[in-house]
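Structure file my_file28.csv (CSV, C-alpha atoms and all ligand atoms) follows.
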chain,number,residue,atom,x,y,z
C,1,VAL,CA,0.0,0.0,0.0
C,2,ASN,CA,2.5,2.6,1.1
C,3,THR,CA,6.1,2.0,0.2
C,4,LYS,CA,7.6,4.9,2.3
C,5,LEU,CA,6.0,3.5,5.5
C,6,HIS,CA,6.7,-0.1,4.4
C,7,ILE,CA,3.0,-1.0,4.6
C,8,TYR,CA,1.9,-4.2,2.9
C,9,TYR,CA,-1.9,-4.8,2.7
C,10,GLY,CA,-4.0,-7.7,1.5
C,11,ALA,CA,-3.9,-11.4,0.8
C,12,GLY,CA,-0.3,-11.1,-0.5
C,13,SER,CA,1.0,-9.3,2.6
C,14,LEU,CA,2.2,-12.5,4.3
C,15,LYS,CA,4.2,-13.4,1.1
C,16,SER,CA,5.8,-10.0,1.4
C,17,LEU,CA,6.6,-10.8,5.0
C,18,ALA,CA,8.3,-14.1,4.0
C,19,THR,CA,10.4,-12.2,1.4
C,20,PHE,CA,11.3,-9.5,4.0
C,21,LEU,CA,12.5,-12.1,6.5
C,22,ASN,CA,14.5,-13.8,3.8
C,23,LYS,CA,16.2,-10.6,2.7
C,24,ASN,CA,17.1,-9.5,6.2
C,25,HIS,CA,19.2,-11.8,8.2
C,26,PHE,CA,18.0,-11.3,11.8
C,27,THR,CA,19.9,-13.2,14.4
C,28,ARG,CA,16.8,-14.1,16.3
C,29,ILE,CA,13.0,-13.5,15.9
C,30,PHE,CA,10.6,-12.9,18.8
C,31,ILE,CA,6.9,-12.8,18.4
C,32,LEU,CA,5.0,-10.8,21.1
C,33,SER,CA,1.4,-11.7,21.3
C,34,ASP,CA,-1.6,-12.4,23.6
C,35,THR,CA,-3.5,-15.6,24.3
C,36,ASN,CA,-6.4,-15.0,21.9
C,37,VAL,CA,-4.2,-14.1,19.0
C,38,LEU,CA,-1.8,-17.0,19.7
C,39,THR,CA,-4.9,-19.3,19.4
C,40,HIS,CA,-6.5,-17.7,16.3
C,41,CYS,CA,-3.8,-16.0,14.2
C,42,TYR,CA,-0.4,-17.5,15.1
C,43,PRO,CA,-1.2,-21.0,13.6
C,44,ILE,CA,-2.2,-19.3,10.3
C,45,LEU,CA,0.9,-17.1,10.3
C,46,VAL,CA,3.3,-20.0,11.0
C,47,SER,CA,1.6,-22.3,8.4
C,48,LYS,CA,2.2,-19.6,5.8
C,49,ILE,CA,5.7,-18.6,6.8
C,50,SER,CA,7.9,-21.5,7.7
C,51,ALA,CA,10.8,-19.2,8.7
C,52,LEU,CA,8.7,-18.3,11.7
C,53,GLN,CA,8.7,-21.8,13.2
C,54,ARG,CA,12.0,-21.0,14.9
C,55,ALA,CA,10.7,-17.7,16.4
C,56,GLU,CA,10.5,-17.5,20.2
C,57,ILE,CA,7.1,-16.6,21.5
C,58,ILE,CA,6.6,-14.0,24.2
C,59,GLU,CA,3.1,-14.2,25.5
C,60,MET,CA,1.5,-11.4,27.5
C,61,GLU,CA,-2.0,-11.0,28.9
C,62,GLY,CA,-4.1,-8.9,26.5
C,63,GLY,CA,-6.3,-6.0,27.3
C,64,GLU,CA,-5.8,-2.3,28.1
C,65,GLU,CA,-5.2,-3.0,31.8
C,66,ASN,CA,-2.0,-4.7,30.8
C,67,LYS,CA,-0.6,-1.9,28.6
C,68,ASN,CA,1.6,-0.7,31.4
C,69,ILE,CA,5.2,-0.7,32.6
C,70,TYR,CA,4.9,-3.9,34.5
C,71,THR,CA,4.1,-5.9,31.4
C,72,THR,CA,6.9,-4.0,29.5
C,73,ILE,CA,9.4,-5.1,32.2
C,74,GLN,CA,8.3,-8.7,31.6
C,75,VAL,CA,8.9,-8.3,27.9
C,76,TRP,CA,12.4,-6.7,28.5
C,77,GLU,CA,13.2,-9.6,30.9
C,78,ALA,CA,12.1,-12.2,28.4
C,79,LEU,CA,14.2,-10.6,25.6
C,80,THR,CA,17.2,-10.5,27.9
C,81,GLU,CA,16.8,-14.1,29.1
C,82,LEU,CA,16.2,-15.4,25.5
C,83,GLY,CA,19.4,-13.6,24.3
C,84,ALA,CA,18.0,-10.9,22.1
C,85,ASP,CA,20.7,-8.7,20.5
C,86,LYS,CA,20.7,-5.5,18.4
C,87,ASN,CA,20.1,-7.5,15.2
C,88,SER,CA,17.1,-9.4,16.6
C,89,LEU,CA,13.6,-8.7,15.3
C,90,VAL,CA,10.5,-8.3,17.4
C,91,ILE,CA,7.2,-9.1,15.7
C,92,ASN,CA,4.2,-7.5,17.3
C,93,LEU,CA,1.3,-9.8,16.5
C,94,GLY,CA,-2.0,-8.6,17.8
C,95,GLY,CA,-4.3,-5.7,18.5
C,96,GLY,CA,-3.3,-2.2,19.4
C,97,VAL,CA,-2.3,-3.1,22.9
C,98,ILE,CA,0.4,-5.4,21.5
C,99,THR,CA,1.5,-3.0,18.8
C,100,ASP,CA,1.7,0.0,21.2
C,101,LEU,CA,3.5,-1.9,24.0
C,102,GLY,CA,5.6,-4.1,21.8
C,103,GLY,CA,6.8,-1.1,19.7
C,104,TYR,CA,7.8,0.7,22.9
C,105,ALA,CA,9.5,-2.3,24.4
C,106,ALA,CA,11.5,-2.9,21.3
C,107,ALA,CA,12.3,0.8,20.7
C,108,SER,CA,13.8,1.1,24.2
C,109,PHE,CA,15.5,-2.3,24.5
C,110,LYS,CA,19.3,-1.8,24.1
C,111,ARG,CA,18.4,1.7,22.8
C,112,GLY,CA,16.3,0.2,20.1
C,113,ILE,CA,16.0,-3.0,18.1
C,114,PRO,CA,14.0,-3.5,14.9
C,115,PHE,CA,10.4,-4.4,15.1
C,116,ILE,CA,7.5,-5.0,12.7
C,117,HIS,CA,3.7,-5.0,13.3
C,118,ILE,CA,1.3,-7.6,12.2
C,119,PRO,CA,-2.0,-6.1,13.3
C,120,THR,CA,-4.8,-8.6,13.9
C,121,SER,CA,-7.7,-6.4,15.2
C,122,LEU,CA,-9.5,-3.9,13.1
C,123,MET,CA,-8.4,-1.1,15.5
C,124,ALA,CA,-4.8,-2.0,15.0
C,125,MET,CA,-5.1,-2.5,11.2
C,126,ALA,CA,-6.9,0.8,10.6
C,127,ASP,CA,-5.0,2.8,13.1
C,128,ALA,CA,-2.7,1.7,15.9
C,129,ALA,CA,-0.1,-0.1,13.7
C,130,ILE,CA,0.3,2.8,11.4
C,131,GLY,CA,2.2,6.0,12.2
C,132,GLY,CA,4.9,4.8,14.7
C,133,LYS,CA,3.2,6.0,17.9
C,134,CYS,CA,3.9,3.5,20.6
C,135,GLY,CA,3.7,3.5,24.3
C,136,ILE,CA,2.0,2.5,27.5
C,137,ASP,CA,-0.4,3.9,30.1
C,138,LEU,CA,0.7,5.4,33.4
C,139,HIS,CA,-1.8,4.3,36.0
C,140,HIS,CA,-5.0,5.5,34.3
C,141,VAL,CA,-3.5,8.1,32.1
C,142,LYS,CA,-3.6,6.8,28.6
C,143,ASN,CA,-0.4,6.7,26.5
C,144,GLN,CA,1.4,8.9,29.0
C,145,ILE,CA,4.8,7.2,28.3
C,146,GLY,CA,6.0,6.5,24.8
C,147,CYS,CA,7.6,7.7,21.6
C,148,ILE,CA,7.2,7.9,17.9
C,149,ILE,CA,9.3,5.5,16.0
C,150,GLN,CA,8.4,3.8,12.7
C,151,PRO,CA,8.4,0.0,12.5
C,152,VAL,CA,10.6,-1.5,9.8
C,153,GLY,CA,7.5,-3.1,8.2
C,154,ILE,CA,3.7,-3.3,8.7
C,155,PHE,CA,2.0,-6.4,7.3
C,156,ILE,CA,-1.8,-6.2,7.2
C,157,TYR,CA,-3.6,-9.4,6.4
C,158,PRO,CA,-7.3,-8.7,6.6
C,159,GLU,CA,-8.3,-12.4,6.8
C,160,PHE,CA,-7.2,-12.3,10.5
C,161,LEU,CA,-10.4,-10.3,11.1
C,162,TYR,CA,-12.5,-13.5,10.6
C,163,THR,CA,-12.1,-14.5,14.2
C,164,LEU,CA,-12.4,-11.1,15.7
C,165,PRO,CA,-15.5,-10.7,17.9
C,166,GLN,CA,-18.2,-8.3,16.8
C,167,GLN,CA,-17.6,-5.9,19.6
C,168,GLN,CA,-14.0,-5.6,18.5
C,169,LEU,CA,-15.0,-5.0,14.9
C,170,LYS,CA,-17.2,-2.1,16.0
C,171,ASN,CA,-14.3,-0.8,18.1
C,172,GLY,CA,-12.1,-0.5,15.0
C,173,LEU,CA,-15.0,0.9,13.0
C,174,ALA,CA,-14.9,4.0,15.3
C,175,GLU,CA,-11.5,4.9,13.9
C,176,ILE,CA,-12.6,4.3,10.3
C,177,ILE,CA,-15.5,6.7,10.9
C,178,LYS,CA,-13.1,9.2,12.4
C,179,SER,CA,-10.8,9.0,9.4
C,180,ALA,CA,-13.8,9.6,7.1
C,181,LEU,CA,-15.1,12.5,9.2
C,182,ILE,CA,-11.8,14.4,9.2
C,183,ALA,CA,-10.6,13.7,5.7
C,184,ASP,CA,-12.9,11.9,3.2
C,185,ALA,CA,-16.5,13.1,2.5
C,186,GLU,CA,-16.8,10.2,-0.1
C,187,LEU,CA,-16.0,7.6,2.5
C,188,ILE,CA,-18.6,9.1,4.8
C,189,GLN,CA,-21.2,8.4,2.1
C,190,THR,CA,-19.9,4.9,1.7
C,191,LEU,CA,-20.3,4.3,5.5
C,192,ILE,CA,-23.8,5.9,5.6
C,193,HIS,CA,-25.1,3.8,2.7
C,194,LYS,CA,-23.1,0.7,3.6
C,195,ASN,CA,-22.5,0.4,-0.2
C,196,ASN,CA,-19.1,-1.3,0.1
C,197,THR,CA,-17.3,-3.9,2.1
C,198,LEU,CA,-15.5,-3.4,5.4
C,199,GLU,CA,-12.2,-4.2,3.6
C,200,PHE,CA,-12.8,-1.3,1.2
C,201,ALA,CA,-13.4,1.1,4.1
C,202,LEU,CA,-10.3,-0.3,5.9
C,203,LYS,CA,-8.1,0.2,2.9
C,204,LYS,CA,-9.3,3.8,2.5
C,205,SER,CA,-8.7,4.4,6.2
C,206,ILE,CA,-5.2,3.1,6.0
C,207,ASP,CA,-4.6,5.4,3.0
C,208,ILE,CA,-5.8,8.4,4.9
C,209,LYS,CA,-3.7,7.7,8.0
C,210,SER,CA,-0.5,7.0,6.0
C,211,ARG,CA,-0.9,10.1,4.0
C,212,VAL,CA,-1.4,12.2,7.1
C,213,VAL,CA,1.5,10.6,9.0
C,214,LEU,CA,3.9,11.0,6.0
C,215,LYS,CA,3.1,14.7,5.8
C,216,ASP,CA,3.6,15.2,9.5
C,217,PRO,CA,5.2,12.3,11.3
C,218,ASP,CA,6.0,14.3,14.5
C,219,GLU,CA,2.4,15.6,14.9
C,220,LYS,CA,3.3,19.3,14.6
C,221,ASN,CA,0.2,20.1,12.5
C,222,ILE,CA,-2.0,18.0,10.2
C,223,ARG,CA,-1.5,14.8,12.2
C,224,LYS,CA,-3.4,16.4,15.0
C,225,THR,CA,-6.5,16.0,12.9
C,226,LEU,CA,-6.4,12.3,13.7
C,227,ASN,CA,-7.1,13.3,17.3
C,228,PHE,CA,-10.7,14.3,16.6
C,229,GLY,CA,-12.9,12.7,19.2
C,230,HIS,CA,-9.9,11.8,21.3
C,231,SER,CA,-9.7,14.7,23.8
C,232,LEU,CA,-13.0,13.7,25.3
C,233,GLY,CA,-12.5,10.1,24.1
C,234,HIS,CA,-9.3,9.5,26.1
C,235,ALA,CA,-10.8,11.3,29.2
C,236,ILE,CA,-13.8,9.0,29.0
C,237,GLU,CA,-11.7,5.9,28.5
C,238,SER,CA,-9.5,6.8,31.4
C,239,THR,CA,-12.4,7.5,33.7
C,240,PHE,CA,-13.9,4.1,33.1
C,241,LEU,CA,-10.7,2.1,32.9
C,242,GLY,CA,-10.8,-0.8,35.3
C,243,THR,CA,-14.4,-0.2,36.4
C,244,LYS,CA,-17.6,-2.1,35.6
C,245,LYS,CA,-18.5,0.4,32.9
C,246,MET,CA,-15.1,0.0,31.2
C,247,LEU,CA,-15.2,1.0,27.5
C,248,LEU,CA,-13.0,-0.1,24.6
C,249,HIS,CA,-10.9,2.7,23.1
C,250,GLY,CA,-13.1,2.9,20.0
C,251,GLU,CA,-16.3,3.0,22.1
C,252,ALA,CA,-14.9,5.9,24.1
C,253,VAL,CA,-13.8,7.7,21.0
C,254,ALA,CA,-17.3,7.2,19.5
C,255,ILE,CA,-18.7,9.1,22.4
C,256,GLY,CA,-15.9,11.6,22.2
C,257,MET,CA,-16.7,12.2,18.5
C,258,LEU,CA,-20.3,13.0,19.3
C,259,MET,CA,-19.4,15.4,22.0
C,260,GLU,CA,-16.7,17.1,20.0
C,261,ALA,CA,-19.0,17.3,16.9
C,262,HIS,CA,-21.4,19.1,19.2
C,263,ILE,CA,-18.6,21.6,20.2
C,264,SER,CA,-17.8,22.0,16.5
C,265,PHE,CA,-21.5,22.8,16.0
C,266,GLN,CA,-21.6,25.3,18.9
C,267,LYS,CA,-18.7,27.1,17.3
C,268,LYS,CA,-20.6,27.1,14.0
C,269,MET,CA,-17.8,25.1,12.3
C,270,ILE,CA,-20.4,22.5,11.2
C,271,THR,CA,-24.1,22.8,10.4
C,272,LYS,CA,-26.9,20.9,12.3
C,273,ASP,CA,-27.1,18.6,9.2
C,274,ILE,CA,-23.5,17.5,9.6
C,275,LEU,CA,-24.0,17.0,13.3
C,276,LYS,CA,-27.0,14.7,12.4
C,277,ILE,CA,-24.7,12.8,10.0
C,278,VAL,CA,-22.2,12.2,12.8
C,279,GLU,CA,-25.1,11.0,15.0
C,280,SER,CA,-26.4,8.7,12.3
C,281,LEU,CA,-23.0,7.0,12.0
C,282,ILE,CA,-22.5,6.5,15.7
C,283,THR,CA,-25.8,6.1,17.7
C,284,PRO,CA,-27.0,2.9,16.0
C,285,THR,CA,-23.8,1.1,16.4
C,286,PHE,CA,-22.2,2.1,19.7
C,287,LYS,CA,-23.3,1.8,23.4
C,288,LEU,CA,-23.7,5.2,24.8
C,289,PRO,CA,-23.6,5.0,28.6
C,290,LYS,CA,-24.8,8.1,30.5
C,291,PHE,CA,-22.4,9.7,33.0
C,292,SER,CA,-23.0,10.1,36.7
C,293,ILE,CA,-22.0,13.5,38.3
C,294,LYS,CA,-18.9,11.9,39.7
C,295,GLU,CA,-17.9,10.5,36.3
C,296,SER,CA,-18.5,13.8,34.5
C,297,LYS,CA,-16.2,15.4,37.0
C,298,ALA,CA,-13.5,12.8,36.5
C,299,ILE,CA,-13.8,13.3,32.7
C,300,HIS,CA,-13.4,17.0,33.1
C,301,ASN,CA,-10.3,16.4,35.2
C,302,TYR,CA,-8.7,14.1,32.7
C,303,LEU,CA,-9.5,16.6,30.0
C,304,ALA,CA,-7.5,19.3,31.8
C,305,HIS,CA,-4.4,17.0,31.5
C,306,ASP,CA,-4.8,16.2,27.8
C,307,LYS,CA,-1.5,16.0,25.9
C,308,LYS,CA,-2.8,18.5,23.3
C,309,ASN,CA,-3.3,21.3,25.8
C,310,ILE,CA,-0.9,24.2,26.0
C,311,ASN,CA,-0.5,26.4,29.0
C,312,ALA,CA,-3.6,24.8,30.6
C,313,GLN,CA,-5.7,25.9,27.6
C,314,ILE,CA,-7.8,23.0,26.3
C,315,LEU,CA,-7.2,22.6,22.6
C,316,MET,CA,-9.1,20.2,20.4
C,317,SER,CA,-9.2,19.0,16.8
C,318,LEU,CA,-12.7,19.8,15.6
C,319,LEU,CA,-14.7,19.2,12.5
C,320,ASN,CA,-14.8,22.1,10.1
C,321,GLY,CA,-17.2,20.9,7.5
C,322,LEU,CA,-17.9,17.4,6.0
C,323,GLY,CA,-14.6,15.5,5.7
C,324,LYS,CA,-12.7,18.5,7.2
C,325,CYS,CA,-10.9,19.1,10.5
C,326,SER,CA,-9.2,22.1,12.2
C,327,ILE,CA,-6.5,21.7,14.8
C,328,ASN,CA,-5.6,23.6,18.0
C,329,VAL,CA,-9.0,25.0,18.5
C,330,PRO,CA,-9.4,26.6,22.0
C,331,VAL,CA,-12.4,25.2,23.8
C,332,ASN,CA,-13.9,26.9,26.9
C,333,GLU,CA,-15.6,25.5,30.0
C,334,ARG,CA,-19.1,26.5,28.8
C,335,GLU,CA,-18.7,24.7,25.5
C,336,ILE,CA,-17.6,21.6,27.2
C,337,ASN,CA,-20.5,21.7,29.7
C,338,ARG,CA,-22.9,22.1,26.9
C,339,SER,CA,-21.5,19.1,25.1
C,340,PHE,CA,-22.0,17.1,28.2
C,341,ALA,CA,-25.6,18.3,28.4
C,342,TYR,CA,-26.1,17.4,24.7
C,343,TYR,CA,-24.7,13.9,25.2
C,344,GLN,CA,-26.7,13.2,28.3
C,345,LYS,CA,-29.9,14.2,26.5
C,346,LEU,CA,-29.2,12.4,23.3
C,347,SER,CA,-31.8,9.7,22.6
C,348,ILE,CA,-30.5,6.4,21.4
C,349,PRO,CA,-32.4,4.7,18.6
C,401,LIG,N1,-0.6,4.0,18.3
C,401,LIG,C1,-1.6,4.5,17.8
C,401,LIG,O1,-1.6,5.3,16.9
C,401,LIG,C2,-3.0,4.0,18.3
C,401,LIG,C3,-4.1,4.2,17.5
C,401,LIG,C4,-5.3,3.7,17.9
C,401,LIG,C5,-5.4,2.9,19.1
C,401,LIG,N2,-4.2,2.7,19.8
C,401,LIG,C6,-4.3,1.8,21.0
C,401,LIG,O2,-4.7,0.6,20.6
C,401,LIG,C7,-5.3,-0.1,21.8
C,401,LIG,C8,-6.6,-0.8,21.4
C,401,LIG,O3,-6.3,-1.7,20.4
C,401,LIG,P1,-7.3,-3.0,20.2
C,401,LIG,O4,-8.6,-2.6,20.2
C,401,LIG,O5,-6.8,-3.7,19.0
C,401,LIG,O6,-7.0,-3.8,21.6
C,401,LIG,P2,-6.4,-5.2,21.9
C,401,LIG,O7,-5.0,-5.3,21.5
C,401,LIG,O8,-6.6,-5.4,23.4
C,401,LIG,O9,-7.2,-6.3,21.1
C,401,LIG,C9,-8.6,-6.4,21.3
C,401,LIG,C10,-9.0,-7.9,21.7
C,401,LIG,O10,-9.1,-8.6,20.5
C,401,LIG,C11,-8.3,-9.8,20.5
C,401,LIG,N3,-7.9,-10.1,19.2
C,401,LIG,C12,-7.1,-9.4,18.4
C,401,LIG,N4,-7.0,-9.9,17.2
C,401,LIG,C13,-7.8,-10.9,17.1
C,401,LIG,C14,-8.2,-11.8,16.1
C,401,LIG,N5,-7.8,-11.7,14.9
C,401,LIG,N6,-9.1,-12.8,16.4
C,401,LIG,C15,-9.6,-12.9,17.7
C,401,LIG,N7,-9.3,-12.1,18.7
C,401,LIG,C16,-8.4,-11.1,18.4
C,401,LIG,C17,-7.2,-9.5,21.5
C,401,LIG,O11,-6.7,-10.7,22.1
C,401,LIG,C18,-8.0,-8.6,22.5
C,401,LIG,O12,-8.6,-9.4,23.4
C,401,LIG,C19,-5.5,1.0,22.8
C,401,LIG,O13,-4.5,0.9,23.8
C,401,LIG,C20,-5.2,2.3,22.0
C,401,LIG,O14,-4.7,3.3,22.8
C,401,LIG,C21,-3.1,3.2,19.4
C,402,ZN,ZN,-7.9,6.2,18.6
As structure tokens:
Amino acid sequence: VNTKLHIYYGAGSLKSLATFLNKNHFTRIFILSDTNVLTHCYPILVSKISALQRAEIIEMEGGEENKNIYTTIQVWEALTELGADKNSLVINLGGGVITDLGGYAAASFKRGIPFIHIPTSLMAMADAAIGGKCGIDLHHVKNQIGCIIQPVGIFIYPEFLYTLPQQQLKNGLAEIIKSALIADAELIQTLIHKNNTLEFALKKSIDIKSRVVLKDPDEKNIRKTLNFGHSLGHAIESTFLGTKKMLLHGEAVAIGMLMEAHISFQKKMITKDILKIVESLITPTFKLPKFSIKESKAIHNYLAHDKKNINAQILMSLLNGLGKCSINVPVNEREINRSFAYYQKLSIP
């Protein structure tokens, strides 16, 4: 798909991976993965690429609760015990938790050893594996620790999605909807009318993200558009992390997109019709839990610590038309409160 970022997409991507492994003589190969992915995807991978039979497996527990420094230490210990050197390859096989944590673990091990991503969830294929952002959470603060470093290859094999649970598909769909809303009015129509396959939308979404990342790898400007829905989304995700109401990243971002679309509407950056389009893409698909007063306060509090803020001013990436997004838009307390009121009143079809 994208040669500059070394992205290979489609049924032939695993052949490209076999060629890649043949060309590069890595001393050792390590596969970092979680239990589900080792059950569902690893056997397919090894059956197609015999060179991977000799790879060492490092298994971690999946889930956002494990995207932390304690798991990272275990990965570093495993790499050390198994004798990884600077010319070893780490393969991150899994969802966004694996690609984020595995990228960070490899990028900091012995000051950095090469790694590749083989994303297996829709979230990771559409978003997490692309762009080089990697990292871990610090307590409940999402992605507080990390860096931007590009993997030496990204191999996206959509057939891995066959075993992905429905809820996880919806989770990834949230990021595809986001890509459409910020950059591609045509893809918005495709999603509304469902007149194409998921793989088509996924491919489009990968194209959007790669284009944006190549223009602005260090997130100085246009890359910030990808944060639409994420200021509130991350705050919501952090608030519910580890509780009974815990939300997946995409589920929290879906709510964040509704609220941030409403702020865009308040600022007259989008019309009511566009707000309705955002609602029609999100409300039928995602669960939309209401917030208690305590939860609203916690979300506000996380928002105040968002990485995008400068000098304590809350800055957001907001919609500025259909398929358009503006960055660094200052948002005040009143607008945020109104977006809460809007979300709490929103009726779910
Ligand atoms: N770095 C980035 O740019 C970026 C972008 C978006 C999201 N993220 C991060 O990604 C993470 C979420 O990613 P995720 O939703 O993939 O989470 P995840 O890695 O926890 O995967 C979700 C679940 O699906 C299972 N799974 C994965 N592939 C499967 C398959 N093919 N068949 C069956 N089960 C499968 C996993 O075992 C896990 O239980 C969050 O931490 C988020 O912050 C990062
Ligand atoms: Zn996201």
- Please extract the residues at most 7 Å from ligand ZN 402 (chain C), counting all atoms listed in the file, and provide them as JSON, numbers by chain, using the chain letters and residue numbers of this document. {"C": [175, 230, 249, 250, 253]}
Can I get the residues of chain C within 6 Å of ligand LIG 401 (chain C), each with the closest pair of atoms and their distance in Å to one decimal, using only C-alpha atoms and all ligand atoms, sorted chain first then ascending number, as CSV?
residue,atom,partner,partner_atom,distance
C:Asp34,CA,C:LIG401,O11,5.6
C:Asn36,CA,C:LIG401,O11,4.3
C:Val37,CA,C:LIG401,C13,5.2
C:His40,CA,C:LIG401,N6,5.5
C:Cys41,CA,C:LIG401,N5,5.9
C:Gly62,CA,C:LIG401,O8,5.3
C:Gly63,CA,C:LIG401,O8,4.0
C:Glu64,CA,C:LIG401,O13,5.5
C:Gly94,CA,C:LIG401,C12,5.2
C:Gly95,CA,C:LIG401,O7,3.1
C:Gly96,CA,C:LIG401,O3,3.2
C:Val97,CA,C:LIG401,O7,3.8
C:Ile98,CA,C:LIG401,O7,5.4
C:Asp100,CA,C:LIG401,N1,5.4
C:Thr120,CA,C:LIG401,N4,4.2
C:Ser121,CA,C:LIG401,N4,4.1
C:Met123,CA,C:LIG401,O5,4.6
C:Ala124,CA,C:LIG401,O5,4.8
C:Asp127,CA,C:LIG401,C3,4.7
C:Ala128,CA,C:LIG401,C3,3.3
C:Lys133,CA,C:LIG401,N1,4.3
C:Cys134,CA,C:LIG401,N1,5.1
C:Phe160,CA,C:LIG401,N5,4.5
C:Leu161,CA,C:LIG401,N5,4.8
C:Thr163,CA,C:LIG401,N6,4.1
C:Leu164,CA,C:LIG401,N6,3.8
C:His249,CA,C:LIG401,C19,5.7
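Among the candidate residues C:Pro284, C:Ala126, C:Ile154, C:Ile148, the one lying nearest to C:Leu198 is C:Ala126, with distances computed using all atoms listed in the file.
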- Task: Would you kindly return, as a ChimeraX atom specification, each protein, DNA or RNA residue with an atom no farther than 10 Å from any atom of stretch 72-79 of chain C, considering only C-alpha atoms and excluding same-chain residues fewer than 4 positions away?
- Result: /C:30,32,56-60,66-68,83-85,88,90,101-102,104-106,108-110,135-136
- Note on the structure: Between atom CA of C:Leu52 and atom CA of C:Pro165 lies a distance of 26.1 Å
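The two atoms in question, atom CA of C:Pro289 and atom CA of C:Gln344, are spaced 8.8 Å apart.
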- Message: So that I can see what lies close to C:Ile299, please list as a PyMOL selection string the residues with an atom at most 9 Å from it, counting only C-alpha atoms and leaving out residues fewer than 2 positions away in the same chain.
- Response: chain C and resi 232+234-239+294-297+301-304
From the block you just saw, export stretch 305-320 of chain C: N, CA and C atoms, as a PDB file, in the first residue's frame.
ATOM      1  N   HIS C 305      -5.768  17.499  31.639  1.00  0.00           N
ATOM      2  CA  HIS C 305      -4.387  17.010  31.516  1.00  0.00           C
ATOM      3  C   HIS C 305      -4.072  16.476  30.130  1.00  0.00           C
ATOM      4  N   ASP C 306      -4.929  16.727  29.175  1.00  0.00           N
ATOM      5  CA  ASP C 306      -4.751  16.192  27.824  1.00  0.00           C
ATOM      6  C   ASP C 306      -3.426  16.651  27.223  1.00  0.00           C
ATOM      7  N   LYS C 307      -2.785  15.733  26.497  1.00  0.00           N
ATOM      8  CA  LYS C 307      -1.467  16.043  25.900  1.00  0.00           C
ATOM      9  C   LYS C 307      -1.537  17.189  24.904  1.00  0.00           C
ATOM     10  N   LYS C 308      -2.704  17.420  24.330  1.00  0.00           N
ATOM     11  CA  LYS C 308      -2.815  18.467  23.303  1.00  0.00           C
ATOM     12  C   LYS C 308      -2.905  19.878  23.904  1.00  0.00           C
ATOM     13  N   ASN C 309      -3.189  19.977  25.197  1.00  0.00           N
ATOM     14  CA  ASN C 309      -3.328  21.299  25.821  1.00  0.00           C
ATOM     15  C   ASN C 309      -1.996  22.028  25.874  1.00  0.00           C
ATOM     16  N   ILE C 310      -2.075  23.341  25.780  1.00  0.00           N
ATOM     17  CA  ILE C 310      -0.865  24.151  25.957  1.00  0.00           C
ATOM     18  C   ILE C 310      -1.186  25.238  26.978  1.00  0.00           C
ATOM     19  N   ASN C 311      -0.299  25.417  27.972  1.00  0.00           N
ATOM     20  CA  ASN C 311      -0.536  26.408  29.026  1.00  0.00           C
ATOM     21  C   ASN C 311      -1.897  26.270  29.663  1.00  0.00           C
ATOM     22  N   ALA C 312      -2.299  25.036  29.901  1.00  0.00           N
ATOM     23  CA  ALA C 312      -3.582  24.753  30.558  1.00  0.00           C
ATOM     24  C   ALA C 312      -4.802  25.164  29.725  1.00  0.00           C
ATOM     25  N   GLN C 313      -4.580  25.625  28.513  1.00  0.00           N
ATOM     26  CA  GLN C 313      -5.725  25.907  27.630  1.00  0.00           C
ATOM     27  C   GLN C 313      -6.108  24.595  26.916  1.00  0.00           C
ATOM     28  N   ILE C 314      -7.379  24.249  27.005  1.00  0.00           N
ATOM     29  CA  ILE C 314      -7.825  23.030  26.322  1.00  0.00           C
ATOM     30  C   ILE C 314      -7.924  23.299  24.827  1.00  0.00           C
ATOM     31  N   LEU C 315      -7.192  22.485  24.053  1.00  0.00           N
ATOM     32  CA  LEU C 315      -7.185  22.619  22.597  1.00  0.00           C
ATOM     33  C   LEU C 315      -7.715  21.327  21.990  1.00  0.00           C
ATOM     34  N   MET C 316      -8.580  21.446  21.007  1.00  0.00           N
ATOM     35  CA  MET C 316      -9.120  20.240  20.379  1.00  0.00           C
ATOM     36  C   MET C 316      -8.981  20.302  18.867  1.00  0.00           C
ATOM     37  N   SER C 317      -9.039  19.102  18.259  1.00  0.00           N
ATOM     38  CA  SER C 317      -9.158  19.003  16.806  1.00  0.00           C
ATOM     39  C   SER C 317     -10.648  18.862  16.527  1.00  0.00           C
ATOM     40  N   LEU C 318     -11.215  19.837  15.821  1.00  0.00           N
ATOM     41  CA  LEU C 318     -12.668  19.836  15.639  1.00  0.00           C
ATOM     42  C   LEU C 318     -13.053  19.810  14.166  1.00  0.00           C
ATOM     43  N   LEU C 319     -14.242  19.300  13.900  1.00  0.00           N
ATOM     44  CA  LEU C 319     -14.740  19.238  12.520  1.00  0.00           C
ATOM     45  C   LEU C 319     -14.994  20.651  12.007  1.00  0.00           C
ATOM     46  N   ASN C 320     -14.658  20.824  10.746  1.00  0.00           N
ATOM     47  CA  ASN C 320     -14.808  22.135  10.140  1.00  0.00           C
ATOM     48  C   ASN C 320     -15.408  21.939   8.749  1.00  0.00           C
TER      49      ASN C 320
END
